[in-house]
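Asker: One file: work-v1.tsv (TSV, C-alpha atoms).
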chain	number	residue	atom	x	y	z
O	208	MET	CA	-3.22	3.93	6.22
O	209	ALA	CA	-5.91	6.20	7.67
O	210	ARG	CA	-4.10	6.52	11.01
O	211	ILE	CA	-0.79	7.32	9.30
O	212	ARG	CA	-2.47	10.01	7.21
O	213	GLU	CA	-3.97	11.56	10.35
O	214	VAL	CA	-0.48	11.91	11.84
O	215	PHE	CA	0.86	13.43	8.61
O	216	GLU	CA	-1.97	15.97	8.53
O	217	ALA	CA	-0.98	17.13	12.04
O	218	LEU	CA	2.79	17.27	11.51
O	219	PRO	CA	4.40	20.36	13.08
O	220	PRO	CA	6.21	22.89	10.87
O	221	ASP	CA	9.90	22.36	10.28
O	222	PRO	CA	11.42	24.42	13.12
O	223	TYR	CA	14.49	25.28	11.05
O	224	ALA	CA	12.74	26.45	7.90
O	225	PRO	CA	9.78	28.73	8.62
O	226	GLY	CA	7.80	29.73	5.57
O	227	THR	CA	8.82	26.72	3.47
O	228	ASN	CA	5.49	24.91	4.04
O	229	ARG	CA	7.45	21.84	5.14
O	230	PHE	CA	6.23	19.77	8.10
O	231	ARG	CA	7.96	16.80	9.72
O	232	ARG	CA	8.71	14.39	12.55
O	233	TYR	CA	11.69	12.08	13.03
O	234	SER	CA	12.70	9.21	15.30
O	235	HIS	CA	15.42	6.56	15.62
O	236	ALA	CA	15.06	2.80	15.95
O	237	VAL	CA	17.47	-0.13	16.21
O	238	TYR	CA	16.92	-3.57	14.69
O	239	LEU	CA	18.63	-6.71	16.07
O	240	PRO	CA	18.69	-9.33	13.27
O	241	TRP	CA	19.47	-12.30	15.53
O	242	LYS	CA	16.37	-11.56	17.61
O	243	ASP	CA	14.19	-10.17	14.82
O	244	GLU	CA	13.58	-7.28	17.21
O	245	LEU	CA	12.84	-3.66	16.31
O	246	SER	CA	13.11	-1.16	19.16
O	247	TRP	CA	12.35	2.56	19.06
O	248	ILE	CA	14.88	4.78	20.82
O	249	PRO	CA	13.31	7.21	23.32
O	250	GLY	CA	13.63	10.88	22.49
O	251	THR	CA	14.85	13.73	24.66
O	252	PRO	CA	12.21	15.60	26.71
O	253	ASP	CA	11.21	18.89	25.13
O	254	PRO	CA	8.83	21.58	26.51
O	255	VAL	CA	7.22	22.25	23.13
O	256	HIS	CA	7.04	18.88	21.36
O	257	GLY	CA	7.09	16.44	24.27
O	258	THR	CA	10.19	14.64	23.00
O	259	VAL	CA	12.67	15.32	20.20
O	260	THR	CA	15.39	13.35	18.41
O	261	ASP	CA	18.76	14.49	17.06
O	262	PHE	CA	18.79	14.83	13.28
O	263	SER	CA	21.81	15.44	11.10
O	264	GLN	CA	22.77	14.95	7.47
O	265	GLY	CA	26.37	15.76	8.29
O	266	GLU	CA	28.55	17.75	5.98
O	267	ASP	CA	26.52	16.59	2.99
O	268	ASP	CA	23.70	19.00	3.79
O	269	PRO	CA	24.70	22.34	2.21
O	270	GLU	CA	22.01	24.22	4.16
O	271	TYR	CA	23.09	23.00	7.62
O	272	PRO	CA	26.72	21.78	7.46
O	273	ARG	CA	27.93	20.38	10.80
O	274	THR	CA	24.83	21.70	12.51
O	275	ARG	CA	23.12	19.79	15.34
O	276	ARG	CA	19.36	19.84	14.92
O	277	VAL	CA	16.51	18.20	16.79
O	278	LEU	CA	13.13	17.32	15.34
O	279	PRO	CA	9.83	16.40	17.01
O	280	ASP	CA	9.49	12.65	17.59
O	281	ILE	CA	7.07	10.32	15.85
O	282	PRO	CA	4.10	9.91	18.24
O	283	GLU	CA	4.23	6.86	20.49
O	284	ALA	CA	0.81	5.74	19.25
O	285	LEU	CA	2.05	5.52	15.65
O	286	ARG	CA	5.16	3.50	16.44
O	287	GLY	CA	3.09	0.34	16.75
O	288	ASN	CA	1.05	0.97	13.61
O	289	THR	CA	0.80	-2.24	11.58
O	290	LEU	CA	1.40	-0.67	8.16
O	291	LEU	CA	4.30	1.47	9.37
O	292	LEU	CA	6.00	-1.58	10.89
O	293	ARG	CA	5.41	-3.63	7.73
O	294	LEU	CA	7.10	-0.94	5.64
O	295	LEU	CA	10.03	-0.70	8.06
O	296	ARG	CA	10.50	-4.45	8.12
O	297	TRP	CA	10.27	-4.68	4.33
O	298	ASP	CA	13.03	-2.10	4.01
O	299	ILE	CA	15.11	-3.95	6.60
O	300	GLU	CA	14.70	-7.25	4.73
O	301	GLN	CA	16.17	-5.70	1.59
O	302	VAL	CA	19.23	-4.51	3.50
O	303	LEU	CA	19.71	-7.80	5.38
O	304	SER	CA	20.05	-9.65	2.09
O	305	LEU	CA	23.37	-7.89	1.54
O	306	LYS	CA	26.65	-9.44	2.64
O	307	ASN	CA	27.53	-9.29	6.37
O	308	LEU	CA	24.74	-6.90	7.33
O	309	GLY	CA	22.67	-9.63	8.99
O	310	ARG	CA	25.17	-10.00	11.83
O	311	ARG	CA	25.15	-6.43	13.07
O	312	PRO	CA	22.53	-4.15	14.59
O	313	LEU	CA	20.88	-1.85	12.08
O	314	TRP	CA	20.30	1.82	12.81
O	315	ALA	CA	17.09	3.28	11.36
O	316	GLY	CA	16.20	6.93	10.92
O	317	VAL	CA	12.45	7.22	10.33
O	318	HIS	CA	11.26	10.49	8.84
O	319	LEU	CA	7.72	11.73	8.21
O	320	ILE	CA	7.66	14.68	5.79
O	321	ARG	CA	4.72	16.60	4.37
O	322	LEU	CA	4.99	19.37	1.79
O	323	GLY	CA	1.73	21.28	2.06
O	324	VAL	CA	0.31	24.23	0.12
O	325	GLY	CA	-2.89	26.07	1.01
O	326	ARG	CA	-3.59	28.28	-1.98
O	327	PRO	CA	-2.60	28.93	-5.61
O	328	GLY	CA	0.87	30.42	-5.92
O	329	GLN	CA	2.19	28.81	-2.74
O	330	GLU	CA	5.24	26.57	-2.92
O	331	ALA	CA	6.52	23.92	-0.50
O	332	VAL	CA	10.21	23.09	-0.61
O	333	SER	CA	12.17	20.04	0.50
O	334	ASN	CA	15.52	20.12	2.30
O	335	PRO	CA	18.11	20.44	0.90
O	336	ASN	CA	16.63	22.09	-2.18
O	337	CYS	CA	19.27	20.65	-4.50
O	338	LEU	CA	20.77	17.32	-5.46
O	339	HIS	CA	22.34	15.95	-2.28
O	340	GLN	CA	23.43	12.90	-0.29
O	341	ASP	CA	22.13	12.04	3.18
O	342	GLY	CA	25.57	11.45	4.69
O	343	GLY	CA	26.50	8.75	7.15
O	344	SER	CA	28.46	5.60	6.39
O	345	ALA	CA	29.13	4.11	2.97
O	346	SER	CA	26.56	1.44	3.91
O	347	THR	CA	23.63	3.86	4.30
O	348	PHE	CA	20.51	3.00	2.30
O	349	THR	CA	17.50	5.28	1.92
O	350	PHE	CA	13.96	4.06	1.22
O	351	ALA	CA	11.00	6.30	0.34
O	352	HIS	CA	7.30	5.39	0.50
O	353	LEU	CA	4.64	7.82	-0.72
O	354	ILE	CA	1.78	8.08	1.76
O	355	SER	CA	-0.44	10.50	-0.14
O	356	ARG	CA	-0.39	13.10	-2.90
O	357	THR	CA	-3.39	15.40	-3.24
O	358	ASN	CA	-4.01	18.43	-5.48
O	359	VAL	CA	-0.37	19.34	-6.15
O	360	THR	CA	1.95	19.64	-9.11
O	361	GLY	CA	5.70	19.12	-9.05
O	362	GLY	CA	7.44	17.01	-6.46
O	363	GLN	CA	9.45	15.07	-9.03
O	364	ASN	CA	12.27	12.81	-7.84
O	365	VAL	CA	15.68	12.94	-9.48
O	366	ILE	CA	18.52	10.46	-8.98
O	367	ALA	CA	21.98	11.52	-10.17
O	368	THR	CA	25.67	10.80	-9.70
O	369	PRO	CA	27.43	11.66	-6.42
O	370	GLY	CA	29.39	14.36	-8.24
O	371	SER	CA	26.12	16.14	-9.01
O	372	ALA	CA	25.48	16.87	-5.31
O	373	GLY	CA	24.95	20.59	-4.72
O	374	LEU	CA	23.60	21.17	-8.23
O	375	GLN	CA	20.07	21.71	-9.48
O	376	PRO	CA	18.73	18.96	-11.78
O	377	GLU	CA	18.39	21.41	-14.66
O	378	ASP	CA	22.07	22.38	-14.46
O	379	PRO	CA	23.69	21.22	-17.72
O	380	TRP	CA	26.56	19.53	-15.86
O	381	ALA	CA	24.24	17.48	-13.60
O	382	ASP	CA	24.58	13.78	-14.54
O	383	ILE	CA	21.05	12.37	-14.14
O	384	HIS	CA	20.29	8.64	-13.78
O	385	ALA	CA	16.50	8.86	-13.38
O	386	ASP	CA	13.69	11.44	-13.23
O	387	PHE	CA	10.24	10.31	-12.06
O	388	THR	CA	7.23	11.31	-9.96
O	389	LEU	CA	5.59	9.22	-7.25
O	390	THR	CA	1.83	9.46	-7.70
O	391	ASP	CA	0.02	6.59	-5.93
O	392	PRO	CA	0.03	5.64	-2.22
O	393	LEU	CA	2.97	3.33	-1.37
O	394	ASP	CA	4.82	4.15	-4.60
O	395	GLY	CA	8.47	4.29	-3.63
O	396	TYR	CA	12.14	3.93	-4.43
O	397	ALA	CA	15.41	3.03	-2.73
O	398	VAL	CA	18.97	4.28	-3.16
O	399	HIS	CA	22.42	3.36	-1.89
O	400	ASP	CA	23.22	6.83	-0.66
O	401	HIS	CA	26.99	6.60	-1.13
O	402	ARG	CA	26.62	5.86	-4.85
O	403	VAL	CA	24.13	8.55	-5.89
O	404	SER	CA	22.75	11.99	-5.14
O	405	HIS	CA	19.01	12.64	-5.07
O	406	TYR	CA	16.46	15.45	-5.08
O	407	VAL	CA	12.75	16.13	-4.75
O	408	GLY	CA	11.34	19.19	-6.45
O	409	PRO	CA	9.04	21.81	-4.87
O	410	VAL	CA	5.30	21.18	-4.91
O	411	ARG	CA	2.70	23.77	-5.86
O	412	ALA	CA	-1.07	23.90	-5.53
O	413	GLY	CA	-2.98	21.99	-8.18
O	414	SER	CA	-6.03	23.07	-10.16
O	415	GLU	CA	-8.67	21.79	-7.73
O	416	PRO	CA	-10.15	23.95	-4.95
O	417	GLY	CA	-8.64	23.63	-1.49
O	418	PRO	CA	-5.20	22.77	-0.15
O	419	GLY	CA	-2.72	20.29	-1.57
O	420	GLU	CA	-0.05	18.08	-0.05
O	421	ARG	CA	2.62	15.46	-0.70
O	422	SER	CA	3.33	13.18	2.28
O	423	ILE	CA	6.17	10.69	2.32
O	424	LEU	CA	7.85	8.25	4.71
O	425	ILE	CA	11.65	8.20	4.46
O	426	VAL	CA	13.64	5.39	6.10
O	427	GLY	CA	17.43	5.54	6.34
O	428	LEU	CA	19.19	2.28	7.28
O	429	ALA	CA	22.83	1.70	8.13
O	430	PRO	CA	24.88	-0.71	10.26
O	431	TYR	CA	24.99	0.51	13.85
O	432	VAL	CA	28.46	1.79	14.75
O	433	PRO	CA	29.14	1.98	18.51
O	434	GLN	CA	30.95	5.05	19.81
O	435	LEU	CA	33.22	4.23	22.74
Take the structure in the file and give it back as structure tokens.
Answerer:
Amino acid sequence: MARIREVFEALPPDPYAPGTNRFRRYSHAVYLPWKDELSWIPGTPDPVHGTVTDFSQGEDDPEYPRTRRVLPDIPEALRGNTLLLRLLRWDIEQVLSLKNLGRRPLWAGVHLIRLGVGRPGQEAVSNPNCLHQDGGSASTFTFAHLISRTNVTGGQNVIATPGSAGLQPEDPWADIHADFTLTDPLDGYAVHDHRVSHYVGPVRAGSEPGPGERSILIVGLAPYVPQL
């Protein structure tokens, strides 16, 4: 866990949202069930970040509809981290238990996100800042694992109906399934993205001296679909 936290502490700012106090890295991997083999996909060379990976939430992201984005890759040294691989494989095992998914390659999007605030009054905002879906196929599943939460308030998770996408949780017409806050390391949740919308609220500095942060690992899994 210590090595993972070190990487989170050094995450670069979100290049598409300056001033939001959001920091992140992202990489792709493919899992072959018949070989029990997980392979990270190399990123594209980049003069600033070393390598980057394409990232898109498709038309379901109201802030960047149909926009191609690239994000800095997860460092090579972290890709072999024992805890990170255990979490990935646990998520994969849950998906493989579903009908027919054990006979196809699985595509994984692995996302490191830190919301960090340095002083009272600061706010760090997730993306999109509303109830939303992650896009992709109807077989996309999203897993979240809290890495750390220090000296912050807010950051509540909300799960709602698909029809609530684009709304704020407090909107009276938002149809909420669950409202909760992850507080302890490795707390988490999972959703079948096609069946729900979800949201994480802004975080703000807590009452203790010094900075605050909320760091989370997000894993999106879906059957790999070849494009020929």
Asker: Which residue out of O:Pro416, O:Gly370, O:Pro279, O:Pro254 has the minimum interatomic distance to O:Ile320 when only C-alpha atoms are used?
Answerer: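 Using only C-alpha atoms, O:Ile320 sits closest to O:Pro279.
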Asker: Write out as a PyMOL selection string each polymer residue whose atoms come within 12 Å of O:Leu292, counting all atoms listed in the file; drop sequence neighbours fewer than 2 positions from it.
Answerer: chain O and resi 208+211+236+238+244-247+285-290+294-299+317+424+426
Asker: Just checking: using all atoms listed in the file, which residue out of O:His352, O:Leu305, O:Glu216, O:Ser414 ends up closest to O:Arg293?
Answerer: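 Smallest distance to O:Arg293 is found for O:His352.
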Asker: Write out as a PyMOL selection string the residues lying within 8 Å of stretch 331-346 of chain O, counting only C-alpha atoms and excluding same-chain residues fewer than 3 positions away.
Answerer: chain O and resi 227-229+264-270+322-324+365+367+369+371-376+399-401+403-411+429-430
Asker: Find, counting only C-alpha atoms, the residue in O:Asp386, O:Arg421, O:Trp314, O:Leu393 that gets nearest to O:Val359.
Answerer: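 Among the listed residues, O:Arg421 lies closest to O:Val359.
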Asker: Expressed in Å to a single decimal, how great is the separation between atom CA of O:Val398 and atom CA of O:Ser263?
Answerer: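 Interatomic distance here is 18.3 Å.
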Asker: Just give me the gap between atom CA of O:Tyr223 and atom CA of O:His235 in Å, one decimal is fine.
Answerer: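 Between atom CA of O:Tyr223 and atom CA of O:His235 the gap works out to 19.3 Å.
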Asker: Could you please determine the separation between atom CA of O:Tyr233 and atom CA of O:Gly309 in Å, to one decimal place?
Answerer: 24.7 Å
Asker: For each of O:Thr349, O:Thr251, O:Thr368, O:Thr258, take the minimum atom-to-atom distance to O:His318, counting only C-alpha atoms, then give the residue where this is smallest.
Answerer: O:Thr349
Asker: With distances taken over only C-alpha atoms, which of O:Pro249, O:Leu319, O:Ile423, O:Ala385 is nearest to O:Leu218?
Answerer: O:Leu319
Asker: Rebuild stretch 412-423 of chain O so that it carries all heavy atoms, then output the result as a short mmCIF file (atom, residue, chain, number, x, y, z; two decimals), in the frame of the given file.
Answerer:
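The new file part.cif reads:
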data_model
loop_
_atom_site.label_atom_id
_atom_site.label_comp_id
_atom_site.auth_asym_id
_atom_site.auth_seq_id
_atom_site.Cartn_x
_atom_site.Cartn_y
_atom_site.Cartn_z
N ALA O 412 0.35 24.23 -5.56
CA ALA O 412 -1.07 23.90 -5.53
C ALA O 412 -1.56 23.48 -6.91
O ALA O 412 -1.16 24.05 -7.93
CB ALA O 412 -1.86 25.11 -5.03
N GLY O 413 -2.41 22.46 -6.93
CA GLY O 413 -2.98 21.99 -8.18
C GLY O 413 -4.18 22.83 -8.61
O GLY O 413 -4.45 23.90 -8.06
N SER O 414 -4.93 22.30 -9.56
CA SER O 414 -6.03 23.07 -10.16
C SER O 414 -7.35 22.93 -9.41
O SER O 414 -8.29 23.67 -9.67
CB SER O 414 -6.23 22.61 -11.61
OG SER O 414 -6.50 21.21 -11.65
N GLU O 415 -7.42 22.00 -8.46
CA GLU O 415 -8.67 21.79 -7.73
C GLU O 415 -8.78 22.79 -6.58
O GLU O 415 -7.77 23.30 -6.08
CB GLU O 415 -8.74 20.36 -7.21
CG GLU O 415 -8.69 19.29 -8.29
CD GLU O 415 -8.66 17.90 -7.71
OE1 GLU O 415 -8.85 17.76 -6.48
OE2 GLU O 415 -8.45 16.94 -8.48
N PRO O 416 -10.00 23.06 -6.11
CA PRO O 416 -10.15 23.95 -4.95
C PRO O 416 -9.55 23.31 -3.69
O PRO O 416 -9.49 22.08 -3.57
CB PRO O 416 -11.67 24.09 -4.81
CG PRO O 416 -12.24 23.61 -6.09
CD PRO O 416 -11.29 22.63 -6.66
N GLY O 417 -9.13 24.14 -2.77
CA GLY O 417 -8.64 23.63 -1.49
C GLY O 417 -7.14 23.38 -1.47
O GLY O 417 -6.45 23.56 -2.48
N PRO O 418 -6.64 22.96 -0.32
CA PRO O 418 -5.20 22.77 -0.15
C PRO O 418 -4.68 21.53 -0.87
O PRO O 418 -5.45 20.68 -1.31
CB PRO O 418 -5.06 22.62 1.37
CG PRO O 418 -6.37 22.06 1.81
CD PRO O 418 -7.40 22.69 0.91
N GLY O 419 -3.38 21.46 -0.98
CA GLY O 419 -2.72 20.29 -1.57
C GLY O 419 -1.56 19.85 -0.70
O GLY O 419 -1.04 20.62 0.11
N GLU O 420 -1.15 18.59 -0.86
CA GLU O 420 -0.05 18.08 -0.05
C GLU O 420 0.61 16.87 -0.71
O GLU O 420 0.00 16.17 -1.52
CB GLU O 420 -0.54 17.70 1.35
CG GLU O 420 -1.69 16.71 1.38
CD GLU O 420 -1.30 15.26 1.17
OE1 GLU O 420 -0.21 14.88 1.62
OE2 GLU O 420 -2.08 14.51 0.56
N ARG O 421 1.87 16.67 -0.34
CA ARG O 421 2.62 15.46 -0.70
C ARG O 421 3.26 14.94 0.59
O ARG O 421 4.10 15.62 1.18
CB ARG O 421 3.71 15.77 -1.73
CG ARG O 421 4.59 14.57 -2.11
CD ARG O 421 5.74 15.05 -2.99
NE ARG O 421 6.56 13.98 -3.51
CZ ARG O 421 7.64 13.49 -2.91
NH1 ARG O 421 8.00 13.98 -1.71
NH2 ARG O 421 8.37 12.52 -3.45
N SER O 422 2.85 13.75 1.02
CA SER O 422 3.33 13.18 2.28
C SER O 422 4.14 11.92 1.99
O SER O 422 3.69 11.06 1.22
CB SER O 422 2.16 12.83 3.20
OG SER O 422 1.44 14.00 3.56
N ILE O 423 5.30 11.81 2.62
CA ILE O 423 6.17 10.69 2.32
C ILE O 423 6.88 10.20 3.58
O ILE O 423 7.21 10.99 4.48
CB ILE O 423 7.18 11.06 1.22
CG1 ILE O 423 7.85 9.82 0.63
CG2 ILE O 423 8.22 12.06 1.73
CD1 ILE O 423 8.44 10.05 -0.75
#
